[in-house]
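Text of the file target-v4.pdb, holding PDB, C-alpha atoms and all ligand atoms:
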```pdb
MODEL        1
ATOM      1  CA  MET A   6      41.338   3.715  83.769
ATOM      2  CA  ALA A   7      43.139   2.462  80.690
ATOM      3  CA  ILE A   8      41.118  -0.049  78.700
ATOM      4  CA  ASP A   9      42.256  -1.840  75.547
ATOM      5  CA  ILE A  10      39.583  -2.625  72.972
ATOM      6  CA  GLU A  11      39.843  -3.858  69.390
ATOM      7  CA  VAL A  12      38.015  -1.523  67.050
ATOM      8  CA  ASN A  13      38.009  -2.025  63.291
ATOM      9  CA  GLY A  14      40.971  -4.383  63.510
ATOM     10  CA  ARG A  15      43.177  -2.161  65.670
ATOM     11  CA  ILE A  16      43.809  -2.364  69.384
ATOM     12  CA  ARG A  17      42.988   1.020  70.854
ATOM     13  CA  ARG A  18      43.799   2.119  74.396
ATOM     14  CA  VAL A  19      41.179   4.399  75.861
ATOM     15  CA  ASP A  20      40.939   6.151  79.186
ATOM     16  CA  ALA A  21      37.417   5.540  80.443
ATOM     17  CA  ASP A  22      35.329   4.282  83.307
ATOM     18  CA  PRO A  23      34.483   0.615  82.554
ATOM     19  CA  GLU A  24      30.767   1.451  82.706
ATOM     20  CA  THR A  25      31.015   4.176  80.065
ATOM     21  CA  PRO A  26      28.782   3.313  77.110
ATOM     22  CA  LEU A  27      30.770   1.968  74.186
ATOM     23  CA  LEU A  28      29.048   4.571  72.004
ATOM     24  CA  TRP A  29      30.687   7.459  73.875
ATOM     25  CA  VAL A  30      34.091   5.814  73.639
ATOM     26  CA  ILE A  31      33.712   5.208  69.919
ATOM     27  CA  ARG A  32      32.546   8.732  69.179
ATOM     28  CA  GLU A  33      34.321  10.887  71.738
ATOM     29  CA  GLU A  34      37.559   9.029  72.437
ATOM     30  CA  LEU A  35      38.164   7.472  69.042
ATOM     31  CA  GLY A  36      36.477  10.074  66.847
ATOM     32  CA  LEU A  37      34.459   7.502  64.923
ATOM     33  CA  THR A  38      31.327   9.566  64.489
ATOM     34  CA  GLY A  39      29.563   7.394  61.921
ATOM     35  CA  THR A  40      27.847   5.593  64.794
ATOM     36  CA  LYS A  41      24.975   7.787  65.952
ATOM     37  CA  TYR A  42      23.244   8.587  69.206
ATOM     38  CA  GLY A  43      19.500   8.359  68.929
ATOM     39  CA  CYS A  44      17.672   7.377  72.097
ATOM     40  CA  GLY A  45      20.361   6.162  74.496
ATOM     41  CA  ILE A  46      18.089   3.385  75.798
ATOM     42  CA  ALA A  47      18.476   0.597  73.210
ATOM     43  CA  GLN A  48      15.236   1.467  71.433
ATOM     44  CA  CYS A  49      16.189   3.005  68.069
ATOM     45  CA  GLY A  50      19.209   1.185  66.616
ATOM     46  CA  ALA A  51      21.087   4.328  65.537
ATOM     47  CA  CYS A  52      24.094   3.283  67.634
ATOM     48  CA  THR A  53      24.353  -0.267  66.250
ATOM     49  CA  VAL A  54      27.842  -1.731  65.929
ATOM     50  CA  HIS A  55      29.072  -5.295  65.555
ATOM     51  CA  LEU A  56      30.596  -7.212  68.431
ATOM     52  CA  ASP A  57      32.245 -10.314  66.993
ATOM     53  CA  GLY A  58      30.035  -9.863  63.920
ATOM     54  CA  GLU A  59      26.744  -9.605  65.782
ATOM     55  CA  THR A  60      24.705  -6.465  66.215
ATOM     56  CA  ARG A  61      25.009  -4.648  69.503
ATOM     57  CA  ARG A  62      23.457  -1.402  70.723
ATOM     58  CA  SER A  63      26.555   0.547  71.705
ATOM     59  CA  CYS A  64      24.560   3.088  73.748
ATOM     60  CA  SER A  65      23.691   0.424  76.280
ATOM     61  CA  THR A  66      26.882  -1.644  76.171
ATOM     62  CA  PRO A  67      29.525  -0.751  78.762
ATOM     63  CA  VAL A  68      32.950  -0.392  77.220
ATOM     64  CA  ALA A  69      34.190  -3.127  79.575
ATOM     65  CA  ALA A  70      31.885  -5.599  77.788
ATOM     66  CA  ALA A  71      33.824  -5.035  74.564
ATOM     67  CA  VAL A  72      37.176  -6.089  76.015
ATOM     68  CA  GLY A  73      38.361  -9.250  74.299
ATOM     69  CA  HIS A  74      35.862  -8.896  71.460
ATOM     70  CA  ARG A  75      36.055  -7.472  67.950
ATOM     71  CA  VAL A  76      34.183  -4.193  67.647
ATOM     72  CA  THR A  77      33.311  -3.093  64.130
ATOM     73  CA  THR A  78      31.788   0.279  63.343
ATOM     74  CA  ILE A  79      30.394   1.583  60.068
ATOM     75  CA  GLU A  80      33.862   2.975  59.288
ATOM     76  CA  GLY A  81      35.375  -0.503  59.525
ATOM     77  CA  LEU A  82      32.955  -2.433  57.333
ATOM     78  CA  ALA A  83      34.967  -4.052  54.560
ATOM     79  CA  SER A  84      33.596  -7.530  53.854
ATOM     80  CA  PRO A  85      32.103  -8.479  50.457
ATOM     81  CA  THR A  86      28.703  -8.491  52.156
ATOM     82  CA  ALA A  87      29.253  -4.986  53.458
ATOM     83  CA  LYS A  88      30.322  -3.761  50.020
ATOM     84  CA  ALA A  89      27.237  -5.323  48.405
ATOM     85  CA  VAL A  90      24.983  -3.678  50.978
ATOM     86  CA  GLN A  91      26.610  -0.275  50.522
ATOM     87  CA  GLN A  92      26.319  -0.559  46.725
ATOM     88  CA  ALA A  93      22.657  -1.583  46.973
ATOM     89  CA  TRP A  94      21.989   1.359  49.308
ATOM     90  CA  ILE A  95      23.442   3.714  46.704
ATOM     91  CA  ALA A  96      21.739   2.033  43.741
ATOM     92  CA  LEU A  97      18.314   2.261  45.373
ATOM     93  CA  ASP A  98      18.929   5.703  46.852
ATOM     94  CA  VAL A  99      17.815   4.397  50.241
ATOM     95  CA  VAL A 100      18.961   7.303  52.380
ATOM     96  CA  GLN A 101      16.782  10.263  53.222
ATOM     97  CA  CYS A 102      18.115  12.367  56.132
ATOM     98  CA  GLY A 103      20.671   9.650  56.829
ATOM     99  CA  TYR A 104      20.688   9.756  60.600
ATOM    100  CA  CYS A 105      19.582   6.158  61.153
ATOM    101  CA  GLN A 106      21.394   4.702  58.187
ATOM    102  CA  SER A 107      24.694   3.587  59.637
ATOM    103  CA  GLY A 108      22.728   1.540  62.162
ATOM    104  CA  GLN A 109      20.502   0.189  59.394
ATOM    105  CA  ILE A 110      23.528  -0.884  57.367
ATOM    106  CA  MET A 111      25.172  -2.552  60.369
ATOM    107  CA  SER A 112      22.013  -4.583  60.963
ATOM    108  CA  ALA A 113      21.602  -5.419  57.271
ATOM    109  CA  VAL A 114      25.186  -6.662  56.971
ATOM    110  CA  ALA A 115      24.869  -8.821  60.095
ATOM    111  CA  LEU A 116      21.626 -10.267  58.730
ATOM    112  CA  LEU A 117      23.109 -11.187  55.343
ATOM    113  CA  GLU A 118      26.201 -12.696  56.914
ATOM    114  CA  ARG A 119      23.964 -14.922  59.005
ATOM    115  CA  LEU A 120      21.225 -15.521  56.425
ATOM    116  CA  PRO A 121      22.325 -14.999  52.802
ATOM    117  CA  ARG A 122      18.835 -15.138  51.219
ATOM    118  CA  PRO A 123      16.431 -13.628  53.733
ATOM    119  CA  SER A 124      12.681 -13.461  53.156
ATOM    120  CA  ASP A 125      10.683 -10.282  53.714
ATOM    121  CA  GLU A 126       9.735 -11.666  57.113
ATOM    122  CA  ASP A 127      13.375 -12.383  57.985
ATOM    123  CA  ILE A 128      14.274  -8.833  57.022
ATOM    124  CA  ASP A 129      11.426  -7.277  58.974
ATOM    125  CA  LEU A 130      12.379  -9.298  62.034
ATOM    126  CA  ALA A 131      16.099  -8.520  61.813
ATOM    127  CA  MET A 132      15.556  -4.831  61.125
ATOM    128  CA  ALA A 133      12.710  -4.260  63.583
ATOM    129  CA  GLY A 134      15.014  -2.653  66.141
ATOM    130  CA  ASN A 135      16.234  -0.007  63.698
ATOM    131  CA  ILE A 136      13.855   2.929  63.622
ATOM    132  CA  CYS A 137      13.787   5.333  60.667
ATOM    133  CA  ARG A 138      11.943   8.587  61.195
ATOM    134  CA  CYS A 139      11.996   9.145  57.444
ATOM    135  CA  ALA A 140      10.268   5.778  56.888
ATOM    136  CA  THR A 141      12.734   4.383  54.372
ATOM    137  CA  TYR A 142      11.724   0.851  55.336
ATOM    138  CA  GLN A 143      10.517  -0.234  51.888
ATOM    139  CA  ARG A 144      13.750   0.857  50.240
ATOM    140  CA  ILE A 145      15.813  -0.781  52.974
ATOM    141  CA  ARG A 146      14.029  -4.066  52.436
ATOM    142  CA  ALA A 147      14.438  -3.828  48.650
ATOM    143  CA  ALA A 148      18.129  -2.979  48.993
ATOM    144  CA  ILE A 149      18.738  -5.980  51.233
ATOM    145  CA  HIS A 150      17.192  -8.209  48.544
ATOM    146  CA  VAL A 151      19.383  -6.571  45.883
ATOM    147  CA  ALA A 152      22.511  -7.130  47.974
ATOM    148  CA  ALA A 153      21.504 -10.750  48.631
ATOM    149  CA  ARG A 154      21.066 -11.365  44.890
ATOM    150  CA  GLN A 155      24.409  -9.792  44.107
ATOM    151  CA  LEU A 156      26.143 -12.009  46.654
ATOM    152  CA  SER A 157      24.549 -15.266  45.517
TER     153      SER A 157
HETATM  154  S1  LIG A 201      20.967   5.270  70.602
HETATM  155 FE1  LIG A 201      21.270   3.185  71.019
HETATM  156  S2  LIG A 201      19.436   2.220  70.472
HETATM  157 FE2  LIG A 201      19.021   4.341  70.269
HETATM  158  S1  LIG A 202      16.801   8.255  56.812
HETATM  159 FE1  LIG A 202      16.110   9.779  58.214
HETATM  160  S2  LIG A 202      15.828   8.685  60.052
HETATM  161 FE2  LIG A 202      16.215   7.148  58.613
ENDMDL
END
```

I'd like the structure from this file rewritten - as structure tokens, please.
Ligand code: FES
Ligand code: FES
Amino acid sequence: MAIDIEVNGRIRRVDADPETPLLWVIREELGLTGTKYGCGIAQCGACTVHLDGETRRSCSTPVAAAVGHRVTTIEGLASPTAKAVQQAWIALDVVQCGYCQSGQIMSAVALLERLPRPSDEDIDLAMAGNICRCATYQRIRAAIHVAARQLS
């Protein structure tokens, strides 16, 4: 059935079953492949997007749940916070293989928009659902502090 969802500021009409995971719609219907499939069961964070600015695991969110809400993917990040996070990621050379990193950045941006000067504990708590098989956790934490300083 036809479903209208707002993705990255644009209303997009997709043809999907309402129970289809948002992740499939984003990647397969809309071609926004920056959001990754990792586990499919809300355990790794690779598929993290924002729904009205808050993190959401798109692999376990039916597309119908996004109707009437603002979906933002890594391709649509444009706020000053997002820019600071992306710059910090580059400056600290955070990325290794990269697979988890769009999800990491989505979670980091949501954290800093909610909590502009997070402690290490705040960061660990907010980022706990984002798994990195390359163990870039120390650099992620440092980059979040760098972005927070730049924004203050
Ligand atoms: S793919 Fe969604 S949490 Fe792992
Ligand atoms: S950078 Fe490789 S999984 Fe995180």

Name the residues, by chain letter and number, that sit within 6 Å of ligand LIG 201 (chain A) using only C-alpha atoms and all ligand atoms, and give them as a PyMOL selection string.
chain A and resi 42-52+62-64

Please check which protein, DNA or RNA residues sit within 10 Å of ligand LIG 202 (chain A), counting all atoms listed in the file, and write them as number ranges by chain.
A: 43, 49, 51, 99-109, 135-142, 145

List the residues matched by the PyMOL selection byres (((chain A and resi 112-114) around 8) and not hetatm) in the displayed structure as a ChimeraX atom specification, ordered by chain and then by residue number.
/A:53,60,86-87,90,108-111,115-118,131-132,135,149

What does the structure give for the distance between atom CA of Arg122 of chain A and atom CA of Leu156 of chain A, in Å to one decimal?
9.2 Å

Go through the shown structure with the PyMOL selection byres (((chain A and resi 25-31) around 8) and not hetatm) and write out the matching residues as a PyMOL selection string.
chain A and resi 19+21-24+32-38+40-42+52+63-69+71

Which is closer to Val72 of chain A than all the others in A:Gly39, A:Ser157, A:Leu56, A:Ile95, using all atoms listed in the file?
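Ranking A:Gly39, A:Ser157, A:Leu56, A:Ile95 by distance to Val72 of chain A, first place goes to A:Leu56.
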
If we count only C-alpha atoms and set the cut-off at 8 Å, which residues sit around Ala89 of chain A, ignoring sequence neighbours fewer than 4 positions away in its own chain? Please answer as a list of chain:residue names.
A:Pro85, A:Ala93, A:Ala152, A:Ala153, A:Gln155, A:Leu156

Could you give me segment 44-55 of chain A completed to all heavy atoms, formatted as a PDB file, in the coordinates of the input?
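Contents of result-v7.pdb, as written:
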```pdb
ATOM      1  N   CYS A  44      18.517   7.376  70.903  1.00  0.00           N
ATOM      2  CA  CYS A  44      17.672   7.377  72.097  1.00  0.00           C
ATOM      3  C   CYS A  44      18.455   7.166  73.383  1.00  0.00           C
ATOM      4  O   CYS A  44      18.027   7.589  74.448  1.00  0.00           O
ATOM      5  CB  CYS A  44      16.627   6.279  71.966  1.00  0.00           C
ATOM      6  SG  CYS A  44      17.358   4.614  71.927  1.00  0.00           S
ATOM      7  N   GLY A  45      19.563   6.446  73.306  1.00  0.00           N
ATOM      8  CA  GLY A  45      20.361   6.162  74.496  1.00  0.00           C
ATOM      9  C   GLY A  45      19.809   5.045  75.365  1.00  0.00           C
ATOM     10  O   GLY A  45      20.384   4.743  76.418  1.00  0.00           O
ATOM     11  N   ILE A  46      18.704   4.432  74.953  1.00  0.00           N
ATOM     12  CA  ILE A  46      18.089   3.385  75.798  1.00  0.00           C
ATOM     13  C   ILE A  46      17.771   2.124  74.980  1.00  0.00           C
ATOM     14  O   ILE A  46      16.797   1.425  75.253  1.00  0.00           O
ATOM     15  CB  ILE A  46      16.814   3.905  76.494  1.00  0.00           C
ATOM     16  CG1 ILE A  46      15.845   4.550  75.480  1.00  0.00           C
ATOM     17  CG2 ILE A  46      17.170   4.877  77.612  1.00  0.00           C
ATOM     18  CD1 ILE A  46      14.473   4.858  76.045  1.00  0.00           C
ATOM     19  N   ALA A  47      18.588   1.848  73.974  1.00  0.00           N
ATOM     20  CA  ALA A  47      18.476   0.597  73.210  1.00  0.00           C
ATOM     21  C   ALA A  47      17.144   0.428  72.487  1.00  0.00           C
ATOM     22  O   ALA A  47      16.674  -0.695  72.293  1.00  0.00           O
ATOM     23  CB  ALA A  47      18.745  -0.612  74.116  1.00  0.00           C
ATOM     24  N   GLN A  48      16.554   1.559  72.068  1.00  0.00           N
ATOM     25  CA  GLN A  48      15.236   1.467  71.433  1.00  0.00           C
ATOM     26  C   GLN A  48      15.222   1.862  69.958  1.00  0.00           C
ATOM     27  O   GLN A  48      14.220   1.646  69.281  1.00  0.00           O
ATOM     28  CB  GLN A  48      14.244   2.381  72.170  1.00  0.00           C
ATOM     29  CG  GLN A  48      13.983   1.973  73.602  1.00  0.00           C
ATOM     30  CD  GLN A  48      13.235   0.658  73.699  1.00  0.00           C
ATOM     31  OE1 GLN A  48      12.231   0.454  73.028  1.00  0.00           O
ATOM     32  NE2 GLN A  48      13.752  -0.254  74.501  1.00  0.00           N
ATOM     33  N   CYS A  49      16.297   2.464  69.431  1.00  0.00           N
ATOM     34  CA  CYS A  49      16.189   3.005  68.069  1.00  0.00           C
ATOM     35  C   CYS A  49      17.152   2.385  67.067  1.00  0.00           C
ATOM     36  O   CYS A  49      16.915   2.432  65.870  1.00  0.00           O
ATOM     37  CB  CYS A  49      16.378   4.522  68.084  1.00  0.00           C
ATOM     38  SG  CYS A  49      18.096   5.049  68.280  1.00  0.00           S
ATOM     39  N   GLY A  50      18.270   1.843  67.526  1.00  0.00           N
ATOM     40  CA  GLY A  50      19.209   1.185  66.616  1.00  0.00           C
ATOM     41  C   GLY A  50      20.226   2.094  65.959  1.00  0.00           C
ATOM     42  O   GLY A  50      21.103   1.612  65.239  1.00  0.00           O
ATOM     43  N   ALA A  51      20.155   3.404  66.195  1.00  0.00           N
ATOM     44  CA  ALA A  51      21.087   4.328  65.537  1.00  0.00           C
ATOM     45  C   ALA A  51      22.538   4.052  65.914  1.00  0.00           C
ATOM     46  O   ALA A  51      23.460   4.350  65.157  1.00  0.00           O
ATOM     47  CB  ALA A  51      20.730   5.774  65.890  1.00  0.00           C
ATOM     48  N   CYS A  52      22.744   3.486  67.101  1.00  0.00           N
ATOM     49  CA  CYS A  52      24.094   3.283  67.634  1.00  0.00           C
ATOM     50  C   CYS A  52      24.630   1.881  67.365  1.00  0.00           C
ATOM     51  O   CYS A  52      25.614   1.478  67.984  1.00  0.00           O
ATOM     52  CB  CYS A  52      24.058   3.501  69.139  1.00  0.00           C
ATOM     53  SG  CYS A  52      23.060   2.219  69.953  1.00  0.00           S
ATOM     54  N   THR A  53      23.998   1.144  66.449  1.00  0.00           N
ATOM     55  CA  THR A  53      24.353  -0.267  66.250  1.00  0.00           C
ATOM     56  C   THR A  53      25.780  -0.438  65.734  1.00  0.00           C
ATOM     57  O   THR A  53      26.185   0.201  64.761  1.00  0.00           O
ATOM     58  CB  THR A  53      23.378  -0.919  65.245  1.00  0.00           C
ATOM     59  OG1 THR A  53      22.046  -0.751  65.732  1.00  0.00           O
ATOM     60  CG2 THR A  53      23.670  -2.397  65.064  1.00  0.00           C
ATOM     61  N   VAL A  54      26.521  -1.306  66.398  1.00  0.00           N
ATOM     62  CA  VAL A  54      27.842  -1.731  65.929  1.00  0.00           C
ATOM     63  C   VAL A  54      27.829  -3.253  65.892  1.00  0.00           C
ATOM     64  O   VAL A  54      26.818  -3.884  66.219  1.00  0.00           O
ATOM     65  CB  VAL A  54      28.973  -1.226  66.864  1.00  0.00           C
ATOM     66  CG1 VAL A  54      29.009   0.302  66.896  1.00  0.00           C
ATOM     67  CG2 VAL A  54      28.827  -1.792  68.278  1.00  0.00           C
ATOM     68  N   HIS A  55      28.924  -3.840  65.471  1.00  0.00           N
ATOM     69  CA  HIS A  55      29.072  -5.295  65.555  1.00  0.00           C
ATOM     70  C   HIS A  55      30.048  -5.629  66.668  1.00  0.00           C
ATOM     71  O   HIS A  55      31.104  -4.996  66.803  1.00  0.00           O
ATOM     72  CB  HIS A  55      29.632  -5.886  64.262  1.00  0.00           C
ATOM     73  CG  HIS A  55      28.708  -5.789  63.102  1.00  0.00           C
ATOM     74  ND1 HIS A  55      29.074  -6.158  61.832  1.00  0.00           N
ATOM     75  CD2 HIS A  55      27.411  -5.375  63.014  1.00  0.00           C
ATOM     76  CE1 HIS A  55      28.054  -5.972  61.008  1.00  0.00           C
ATOM     77  NE2 HIS A  55      27.044  -5.493  61.704  1.00  0.00           N
TER      78      HIS A  55
END
```
